[in-house]
Every structure is written in structure tokens, then in C-alpha cells.
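Structure data follow from start23.cif (mmCIF, C-alpha atoms):
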data_final
#
loop_
_atom_site.group_PDB
_atom_site.id
_atom_site.type_symbol
_atom_site.label_atom_id
_atom_site.label_comp_id
_atom_site.auth_asym_id
_atom_site.auth_seq_id
_atom_site.Cartn_x
_atom_site.Cartn_y
_atom_site.Cartn_z
ATOM 1 C CA MET X 16 -2.997 5.233 6.507
ATOM 2 C CA ARG X 17 -4.676 1.836 6.438
ATOM 3 C CA LEU X 18 -5.926 0.442 3.131
ATOM 4 C CA LEU X 19 -8.551 -2.146 2.219
ATOM 5 C CA LEU X 20 -6.515 -4.359 -0.062
ATOM 6 C CA ASP X 21 -8.061 -7.799 0.333
ATOM 7 C CA ALA X 22 -10.496 -9.985 2.231
ATOM 8 C CA THR X 23 -8.104 -10.224 5.181
ATOM 9 C CA ASP X 24 -8.332 -6.480 5.724
ATOM 10 C CA LEU X 25 -12.106 -6.615 5.374
ATOM 11 C CA ASP X 26 -12.378 -9.396 7.951
ATOM 12 C CA GLU X 27 -10.127 -7.515 10.355
ATOM 13 C CA GLY X 28 -12.279 -4.437 10.010
ATOM 14 C CA LEU X 29 -15.512 -6.340 10.576
ATOM 15 C CA ALA X 30 -14.073 -8.038 13.662
ATOM 16 C CA PHE X 31 -13.095 -4.652 15.082
ATOM 17 C CA LEU X 32 -16.467 -3.097 14.330
ATOM 18 C CA THR X 33 -18.596 -5.843 15.839
ATOM 19 C CA THR X 34 -16.458 -5.784 18.985
ATOM 20 C CA ALA X 35 -16.324 -1.996 19.318
ATOM 21 C CA ASP X 36 -20.042 -1.553 18.586
ATOM 22 C CA PRO X 37 -22.191 -4.616 19.416
ATOM 23 C CA ARG X 38 -25.128 -3.041 17.544
ATOM 24 C CA LEU X 39 -23.316 -4.010 14.364
ATOM 25 C CA ARG X 40 -23.468 -7.752 15.076
ATOM 26 C CA PRO X 41 -27.089 -8.163 13.931
ATOM 27 C CA VAL X 42 -26.351 -5.813 11.042
ATOM 28 C CA LEU X 43 -23.608 -8.174 9.864
ATOM 29 C CA ALA X 44 -25.803 -11.221 10.443
ATOM 30 C CA THR X 45 -28.463 -9.727 8.161
ATOM 31 C CA ALA X 46 -25.987 -8.371 5.609
ATOM 32 C CA GLY X 47 -24.216 -11.662 5.006
ATOM 33 C CA THR X 48 -21.305 -11.295 2.595
ATOM 34 C CA VAL X 49 -19.787 -7.812 2.519
ATOM 35 C CA ALA X 50 -18.340 -6.891 -0.877
ATOM 36 C CA LEU X 51 -14.841 -5.422 -1.084
ATOM 37 C CA ARG X 52 -15.180 -3.829 -4.561
ATOM 38 C CA TYR X 53 -12.383 -1.908 -6.276
ATOM 39 C CA ARG X 54 -12.059 0.429 -9.248
ATOM 40 C CA PRO X 55 -8.544 1.363 -10.436
ATOM 41 C CA PRO X 56 -7.807 5.034 -9.744
ATOM 42 C CA GLY X 57 -7.527 7.376 -12.681
ATOM 43 C CA PHE X 58 -9.934 9.131 -15.020
ATOM 44 C CA GLU X 59 -11.943 5.998 -15.771
ATOM 45 C CA GLY X 60 -12.500 5.177 -12.104
ATOM 46 C CA LEU X 61 -13.606 8.697 -11.217
ATOM 47 C CA ALA X 62 -15.721 8.953 -14.366
ATOM 48 C CA ARG X 63 -17.599 5.797 -13.423
ATOM 49 C CA ILE X 64 -18.429 7.266 -10.010
ATOM 50 C CA ILE X 65 -19.686 10.495 -11.581
ATOM 51 C CA VAL X 66 -21.796 8.616 -14.123
ATOM 52 C CA ALA X 67 -23.411 6.599 -11.307
ATOM 53 C CA GLN X 68 -24.449 9.579 -9.186
ATOM 54 C CA MET X 69 -28.146 9.714 -8.291
ATOM 55 C CA LEU X 70 -28.959 6.599 -10.330
ATOM 56 C CA SER X 71 -29.944 3.032 -9.595
ATOM 57 C CA VAL X 72 -27.172 0.522 -10.174
ATOM 58 C CA ALA X 73 -29.009 -0.931 -13.175
ATOM 59 C CA SER X 74 -29.418 2.483 -14.811
ATOM 60 C CA ALA X 75 -25.819 3.459 -14.062
ATOM 61 C CA ASP X 76 -24.507 0.211 -15.540
ATOM 62 C CA ALA X 77 -26.549 0.664 -18.707
ATOM 63 C CA ILE X 78 -25.372 4.247 -19.209
ATOM 64 C CA TRP X 79 -21.777 3.316 -18.452
ATOM 65 C CA SER X 80 -21.869 0.538 -21.025
ATOM 66 C CA ARG X 81 -22.990 2.966 -23.726
ATOM 67 C CA PHE X 82 -20.546 5.619 -22.526
ATOM 68 C CA ALA X 83 -17.561 3.237 -22.583
ATOM 69 C CA ALA X 84 -18.532 1.998 -26.038
ATOM 70 C CA LEU X 85 -18.714 5.580 -27.322
ATOM 71 C CA LEU X 86 -15.237 6.419 -26.026
ATOM 72 C CA ASP X 87 -13.735 3.010 -26.863
ATOM 73 C CA THR X 88 -11.021 3.678 -24.269
ATOM 74 C CA VAL X 89 -12.101 5.880 -21.363
ATOM 75 C CA THR X 90 -9.415 8.560 -21.293
ATOM 76 C CA PRO X 91 -9.581 12.337 -20.841
ATOM 77 C CA ALA X 92 -8.594 12.952 -24.468
ATOM 78 C CA ASN X 93 -11.203 10.556 -25.827
ATOM 79 C CA TYR X 94 -13.850 12.137 -23.628
ATOM 80 C CA LEU X 95 -13.063 15.652 -24.813
ATOM 81 C CA ALA X 96 -13.203 14.466 -28.420
ATOM 82 C CA GLN X 97 -16.943 13.751 -28.062
ATOM 83 C CA THR X 98 -19.716 16.224 -28.754
ATOM 84 C CA GLU X 99 -22.152 17.134 -26.015
ATOM 85 C CA ALA X 100 -24.939 15.724 -28.163
ATOM 86 C CA ALA X 101 -23.229 12.330 -28.359
ATOM 87 C CA LEU X 102 -22.621 12.271 -24.619
ATOM 88 C CA ARG X 103 -26.206 13.239 -23.859
ATOM 89 C CA ALA X 104 -27.407 10.545 -26.261
ATOM 90 C CA VAL X 105 -25.802 7.788 -24.156
ATOM 91 C CA GLY X 106 -27.717 9.016 -21.115
ATOM 92 C CA LEU X 107 -25.513 11.581 -19.380
ATOM 93 C CA SER X 108 -27.215 14.600 -17.870
ATOM 94 C CA ARG X 109 -25.986 18.052 -18.835
ATOM 95 C CA GLY X 110 -24.508 18.460 -15.343
ATOM 96 C CA LYS X 111 -22.528 15.239 -15.583
ATOM 97 C CA VAL X 112 -21.232 16.202 -19.028
ATOM 98 C CA LYS X 113 -19.900 19.451 -17.561
ATOM 99 C CA THR X 114 -18.398 17.733 -14.518
ATOM 100 C CA LEU X 115 -16.628 15.116 -16.622
ATOM 101 C CA ASP X 116 -15.410 17.871 -18.916
ATOM 102 C CA ALA X 117 -13.846 19.659 -15.933
ATOM 103 C CA VAL X 118 -12.219 16.453 -14.681
ATOM 104 C CA ALA X 119 -10.876 15.553 -18.131
ATOM 105 C CA ARG X 120 -9.405 19.015 -18.663
ATOM 106 C CA ALA X 121 -7.824 19.003 -15.211
ATOM 107 C CA ALA X 122 -6.289 15.580 -15.860
ATOM 108 C CA LEU X 123 -4.797 16.727 -19.172
ATOM 109 C CA ALA X 124 -3.527 19.881 -17.452
ATOM 110 C CA GLY X 125 -1.584 17.815 -14.923
ATOM 111 C CA LEU X 126 -3.933 16.554 -12.202
ATOM 112 C CA ASP X 127 -2.638 13.030 -11.583
ATOM 113 C CA LEU X 128 -5.657 11.077 -10.341
ATOM 114 C CA GLU X 129 -3.651 7.901 -9.833
ATOM 115 C CA ALA X 130 -1.122 9.714 -7.651
ATOM 116 C CA LEU X 131 -3.961 11.433 -5.834
ATOM 117 C CA ALA X 132 -5.123 8.030 -4.638
ATOM 118 C CA ASP X 133 -1.939 7.807 -2.563
ATOM 119 C CA GLU X 134 -2.504 11.128 -0.803
ATOM 120 C CA THR X 135 -4.227 11.691 2.529
ATOM 121 C CA ALA X 136 -8.003 11.789 2.542
ATOM 122 C CA GLU X 137 -7.962 15.518 3.300
ATOM 123 C CA THR X 138 -5.679 16.289 0.354
ATOM 124 C CA THR X 139 -7.680 14.153 -2.064
ATOM 125 C CA ILE X 140 -11.010 15.631 -0.986
ATOM 126 C CA ALA X 141 -9.670 19.174 -1.267
ATOM 127 C CA GLN X 142 -8.269 18.666 -4.758
ATOM 128 C CA LEU X 143 -11.268 16.808 -6.133
ATOM 129 C CA THR X 144 -13.907 19.128 -4.696
ATOM 130 C CA ALA X 145 -12.033 22.080 -6.208
ATOM 131 C CA LEU X 146 -13.188 20.773 -9.600
ATOM 132 C CA PRO X 147 -16.546 22.145 -10.839
ATOM 133 C CA GLY X 148 -19.355 19.709 -10.115
ATOM 134 C CA VAL X 149 -17.351 17.360 -7.881
ATOM 135 C CA GLY X 150 -18.763 17.208 -4.356
ATOM 136 C CA ARG X 151 -17.624 15.596 -1.145
ATOM 137 C CA TRP X 152 -19.656 12.419 -1.763
ATOM 138 C CA THR X 153 -17.866 11.843 -5.077
ATOM 139 C CA ALA X 154 -14.470 12.431 -3.484
ATOM 140 C CA GLU X 155 -15.211 10.068 -0.610
ATOM 141 C CA ILE X 156 -16.464 7.329 -2.919
ATOM 142 C CA PHE X 157 -13.249 7.736 -4.933
ATOM 143 C CA LEU X 158 -11.232 7.351 -1.725
ATOM 144 C CA LEU X 159 -13.171 4.261 -0.693
ATOM 145 C CA PHE X 160 -13.396 2.359 -3.980
ATOM 146 C CA CYS X 161 -10.414 3.632 -5.996
ATOM 147 C CA ALA X 162 -7.880 4.649 -3.347
ATOM 148 C CA ARG X 163 -9.087 1.881 -0.995
ATOM 149 C CA HIS X 164 -8.911 3.970 2.173
ATOM 150 C CA ALA X 165 -10.124 1.997 5.183
ATOM 151 C CA ASP X 166 -11.345 4.942 7.254
ATOM 152 C CA VAL X 167 -13.627 6.917 4.926
ATOM 153 C CA PHE X 168 -17.386 7.048 5.500
ATOM 154 C CA PRO X 169 -19.502 8.826 2.835
ATOM 155 C CA ALA X 170 -21.935 10.267 5.367
ATOM 156 C CA GLY X 171 -24.014 12.023 2.722
ATOM 157 C CA ASP X 172 -24.966 8.748 1.018
ATOM 158 C CA LEU X 173 -28.728 8.232 1.133
ATOM 159 C CA ALA X 174 -28.572 4.421 1.296
ATOM 160 C CA LEU X 175 -26.166 4.560 4.250
ATOM 161 C CA GLN X 176 -28.431 6.981 6.065
ATOM 162 C CA VAL X 177 -31.531 4.844 5.474
ATOM 163 C CA ALA X 178 -29.718 1.627 6.406
ATOM 164 C CA THR X 179 -28.444 3.146 9.651
ATOM 165 C CA MET X 180 -31.907 4.436 10.532
ATOM 166 C CA GLU X 181 -33.480 1.038 9.947
ATOM 167 C CA ALA X 182 -30.739 -1.025 11.569
ATOM 168 C CA PHE X 183 -30.632 1.110 14.717
ATOM 169 C CA GLY X 184 -34.356 1.818 14.910
ATOM 170 C CA LEU X 185 -33.900 5.584 14.687
ATOM 171 C CA PRO X 186 -37.046 7.746 14.470
ATOM 172 C CA GLU X 187 -35.858 9.469 11.285
ATOM 173 C CA ARG X 188 -33.108 9.329 8.703
ATOM 174 C CA PRO X 189 -29.934 10.849 10.168
ATOM 175 C CA SER X 190 -28.456 13.878 8.460
ATOM 176 C CA GLU X 191 -24.965 13.926 7.008
ATOM 177 C CA LYS X 192 -23.723 15.708 10.141
ATOM 178 C CA GLU X 193 -25.391 13.133 12.368
ATOM 179 C CA MET X 194 -23.952 10.278 10.290
ATOM 180 C CA ARG X 195 -20.452 11.678 10.715
ATOM 181 C CA ALA X 196 -20.986 11.748 14.475
ATOM 182 C CA ILE X 197 -22.353 8.185 14.528
ATOM 183 C CA SER X 198 -19.551 6.814 12.345
ATOM 184 C CA ALA X 199 -16.802 8.450 14.413
ATOM 185 C CA ALA X 200 -16.937 5.501 16.808
ATOM 186 C CA TRP X 201 -16.094 3.129 13.921
ATOM 187 C CA SER X 202 -12.704 4.657 13.151
ATOM 188 C CA PRO X 203 -10.200 3.426 11.940
ATOM 189 C CA TRP X 204 -12.512 1.127 9.932
ATOM 190 C CA ARG X 205 -15.276 3.480 8.826
ATOM 191 C CA GLY X 206 -14.849 2.355 5.220
ATOM 192 C CA VAL X 207 -15.660 -1.208 6.235
ATOM 193 C CA ALA X 208 -18.690 0.076 8.148
ATOM 194 C CA ALA X 209 -19.913 1.773 4.975
ATOM 195 C CA LYS X 210 -19.547 -1.441 2.989
ATOM 196 C CA LEU X 211 -21.347 -3.314 5.770
ATOM 197 C CA PHE X 212 -24.335 -0.969 5.708
ATOM 198 C CA TRP X 213 -24.564 -1.079 1.908
ATOM 199 C CA ALA X 214 -24.659 -4.879 2.156
ATOM 200 C CA TYR X 215 -27.328 -4.634 4.856
ATOM 201 C CA TYR X 216 -29.417 -2.264 2.730
ATOM 202 C CA LYS X 217 -29.195 -4.682 -0.191
ATOM 203 C CA ALA X 218 -30.113 -7.681 1.988
ATOM 204 C CA VAL X 219 -33.237 -6.132 3.481
ATOM 205 C CA ARG X 220 -34.385 -5.084 0.008
ATOM 206 C CA ASP X 221 -34.223 -8.589 -1.446
ATOM 207 C CA GLY X 222 -30.961 -8.189 -3.289
ATOM 208 C CA ARG X 223 -31.387 -4.733 -4.840
ATOM 209 C CA ALA X 224 -27.847 -3.488 -5.471
ATOM 210 C CA VAL X 225 -26.984 -0.089 -4.049
ATOM 211 C CA LEU X 226 -23.198 0.180 -4.222
ATOM 212 C CA PRO X 227 -22.522 3.544 -5.840
ATOM 213 C CA ALA X 228 -19.379 2.678 -7.801
#

Could I get this file's structure written as C-alpha cells?
Amino acid sequence: MRLLLDATDLDEGLAFLTTADPRLRPVLATAGTVALRYRPPGFEGLARIIVAQMLSVASADAIWSRFAALLDTVTPANYLAQTEAALRAVGLSRGKVKTLDAVARAALAGLDLEALADETAETTIAQLTALPGVGRWTAEIFLLFCARHADVFPAGDLALQVATMEAFGLPERPSEKEMRAISAAWSPWRGVAAKLFWAYYKAVRDGRAVLPA
């Protein structure tokens, strides 16, 4: 299992991708610098991903700042000590409150999120998506940004779908199934391809940040 640990790994992945699929050369030229990004695995890392779901980066950052201040230290116990009213007041939706509640309770019951980062992608996805409210996108973002897997492509991500459509001149935005088929050719560096297309999306939108974690 290959990991994205530093810029050397990122450069190796980009070199592979632009050789294996020449269509990615102009994508990289437009994207410029591709960010590595990392969040330590554990409750805090997964919580930050859940908080950011379906939000702009600016909105997610603002809510996270208030959320982290409320908890002081972002731990399962501190989360469960909060009232729903307090959590909703910092900007969390009712659905996210319930999802984070499920994750916090599972962590206190023995789910080791840090150890889970060392498991295979299949094992991690299965265990995370077994939690109420945690979908495949969340699990794959956790694998990419917290576990640092090099070959994970969150095919359900809207920005990745739009970026691929625009970069390749496709007539419509590819579905999640179609994105998985397209990204298959980029293995074993699909995680780098995802980071490349996020950077491309940001570049063509004059710097608007879209990284989901």
C-alpha cells in the first residue's frame, strides 16, 4: 500500500500520471502547484471532514473554528458533553450533529480511528460507512487526507466531476460510476490525480479553494 507522505511522493505520482495519460499534462500546467494536505487521523480529523461536507471552504472553516472553540479539545468525550443546541448554534446541521454523535460513541466504544488509518482501503471504508451518516465520500476523504493513501479517488466529489468534465471537454458531468471508470487508468496514483483535479478546479476559478478537508 503506497502512501503520500511528502512532496517526493507527490512528484512521483504526477510524473507517472502525465506519462500514463497525456491528457493530464495541460491539466497540470493549468493547476500549477498541487497541494499535499494532511490531517492527523483520529476523531478530530474525521470530525473536520464531516463538518466540511456540502459547504464552501470558507463556510466550513468558520464553522470549524467555532466548533473547536466550543469543545476546547476536539475529542469524543468533549463532543458528547455538548448539548445539541450548542452544537447547532456553532453552525452544525442536525444531520451532522447525529453523524458526529455516532462517530464519537463508536470511538469511545473501541473504534480506533488512528489504527484504522493503517488498514486497507476496503477495510476502512467498510468500517466507517457502517456508522450512521458516514458515506463513501467521507470514508474516501479520510483515506486520502488522514490515512494518506496514494490510490484513492473520491469519485462522488462534485468538484472532481466538474473539473474532469471541463478539463477533458466532456459533454456533461460524469457520474460517480463513470468517474471510477475514468480514474481506473490512474492507479496506483489515483489520490494524486484527485489532488491534481482539485488544484485545476481552483485555478480555473481564480483561486477559489475547493479542497474538502

Next item on the list: Please write the residues picked by the PyMOL selection byres ((chain X and resi 77-86) around 8) on this file as a PyMOL selection string.
Entry: chain X and resi 63+66+73-76+87-90+93-94+97+102+105-107

Hey, can you spit out that residue selection with C-alpha atoms as a compact mmCIF listing (two decimals), in the coordinates of the input?
# COMPACT_ATOMS: atom_id res chain seq x y z
CA ARG X 63 -17.60 5.80 -13.42
CA VAL X 66 -21.80 8.62 -14.12
CA ALA X 73 -29.01 -0.93 -13.18
CA SER X 74 -29.42 2.48 -14.81
CA ALA X 75 -25.82 3.46 -14.06
CA ASP X 76 -24.51 0.21 -15.54
CA ASP X 87 -13.74 3.01 -26.86
CA THR X 88 -11.02 3.68 -24.27
CA VAL X 89 -12.10 5.88 -21.36
CA THR X 90 -9.41 8.56 -21.29
CA ASN X 93 -11.20 10.56 -25.83
CA TYR X 94 -13.85 12.14 -23.63
CA GLN X 97 -16.94 13.75 -28.06
CA LEU X 102 -22.62 12.27 -24.62
CA VAL X 105 -25.80 7.79 -24.16
CA GLY X 106 -27.72 9.02 -21.12
CA LEU X 107 -25.51 11.58 -19.38

Note to self: Using all atoms listed in the file, can you tell me which of X:Leu143, X:Ala130, X:Ala214, X:Leu19 comes closest to Tyr53 (chain X)?
What the structure shows: X:Leu19

Item checked: Output check: residues returned by the PyMOL selection byres ((chain X and resi 207) around 12), as number ranges by chain -> X: 17-33, 39, 43, 49-52, 159-160, 163-169, 198, 201-206, 208-214

Applied to this file, what does the PyMOL selection byres ((chain X and resi 171-176) around 9) return in terms of residues, put as an mmCIF file with C-alpha atoms, keeping the file's coordinate frame?
data_model
loop_
_atom_site.group_PDB
_atom_site.id
_atom_site.type_symbol
_atom_site.label_atom_id
_atom_site.label_comp_id
_atom_site.auth_asym_id
_atom_site.auth_seq_id
_atom_site.Cartn_x
_atom_site.Cartn_y
_atom_site.Cartn_z
ATOM 1 C CA ARG X 151 -17.624 15.596 -1.145
ATOM 2 C CA TRP X 152 -19.656 12.419 -1.763
ATOM 3 C CA PHE X 168 -17.386 7.048 5.500
ATOM 4 C CA PRO X 169 -19.502 8.826 2.835
ATOM 5 C CA ALA X 170 -21.935 10.267 5.367
ATOM 6 C CA VAL X 177 -31.531 4.844 5.474
ATOM 7 C CA ALA X 178 -29.718 1.627 6.406
ATOM 8 C CA THR X 179 -28.444 3.146 9.651
ATOM 9 C CA MET X 180 -31.907 4.436 10.532
ATOM 10 C CA GLU X 181 -33.480 1.038 9.947
ATOM 11 C CA ARG X 188 -33.108 9.329 8.703
ATOM 12 C CA PRO X 189 -29.934 10.849 10.168
ATOM 13 C CA SER X 190 -28.456 13.878 8.460
ATOM 14 C CA GLU X 191 -24.965 13.926 7.008
ATOM 15 C CA LYS X 192 -23.723 15.708 10.141
ATOM 16 C CA MET X 194 -23.952 10.278 10.290
ATOM 17 C CA ARG X 195 -20.452 11.678 10.715
ATOM 18 C CA ALA X 209 -19.913 1.773 4.975
ATOM 19 C CA PHE X 212 -24.335 -0.969 5.708
ATOM 20 C CA TRP X 213 -24.564 -1.079 1.908
ATOM 21 C CA TYR X 216 -29.417 -2.264 2.730
ATOM 22 C CA VAL X 225 -26.984 -0.089 -4.049
ATOM 23 C CA LEU X 226 -23.198 0.180 -4.222
ATOM 24 C CA PRO X 227 -22.522 3.544 -5.840
#

Notebook entry, point to check: For the atom pair CA of Ser108 (chain X) and CA of Gly148 (chain X), what is the interatomic distance in Å to one decimal place?
Noted result: 12.2 Å

Next item on the list: Measuring atom to atom with all atoms listed in the file, identify which of X:Leu95, X:Ala44, X:Val219, X:Val72 is nearest to Ala122 (chain X).
Entry: X:Leu95

Notebook entry, point to check: Which residues, written as a PyMOL selection string, have at least one atom at most 8 Å from Ala154 (chain X), with only C-alpha atoms counted and residues fewer than 5 positions away on the same chain left out?
Noted result: chain X and resi 139-140+143-144+149

Check: So, counting only C-alpha atoms, which residue among X:Ala119, X:Ala162, X:Leu70, X:Val112 is closest to Leu131 (chain X)?
Finding: X:Ala162

Margin query: Between CA of Ala96 (chain X) and CA of Ser71 (chain X), what is the distance in Å, rounded to a tenth?
Written below: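 Straight-line distance from CA of Ala96 (chain X) to CA of Ser71 (chain X) works out to 27.7 Å.
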
Next item on the list: Can you work out which one of X:Gln142, X:Thr45, X:Gln68, X:Thr153 has the shortest atom-to-atom distance to Leu128 (chain X), counting all atoms listed in the file?
Entry: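 Using all atoms listed in the file, the shortest distance to Leu128 (chain X) belongs to X:Gln142.
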
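When CA of Ala124 (chain X) is paired with CA of Met16 (chain X), their separation reads 28.1 Å.
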
Checklist line | Among listed residues X:Ala46, X:Leu126, X:Ala141, X:Ala199, nearest Tyr215 (chain X) (using only C-alpha atoms) | finding: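 Smallest distance to Tyr215 (chain X) is found for X:Ala46.
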
Report, as lines of an AutoDock Vina configuration file, the centre and edge lengths in Å (one decimal) of the axis-aligned box enclosing every listed atom of region 36-46 of chain X, padded by 5 Å on each side.
center_x = -24.3
center_y = -6.4
center_z = 12.5
size_x = 18.4
size_y = 19.7
size_z = 23.8
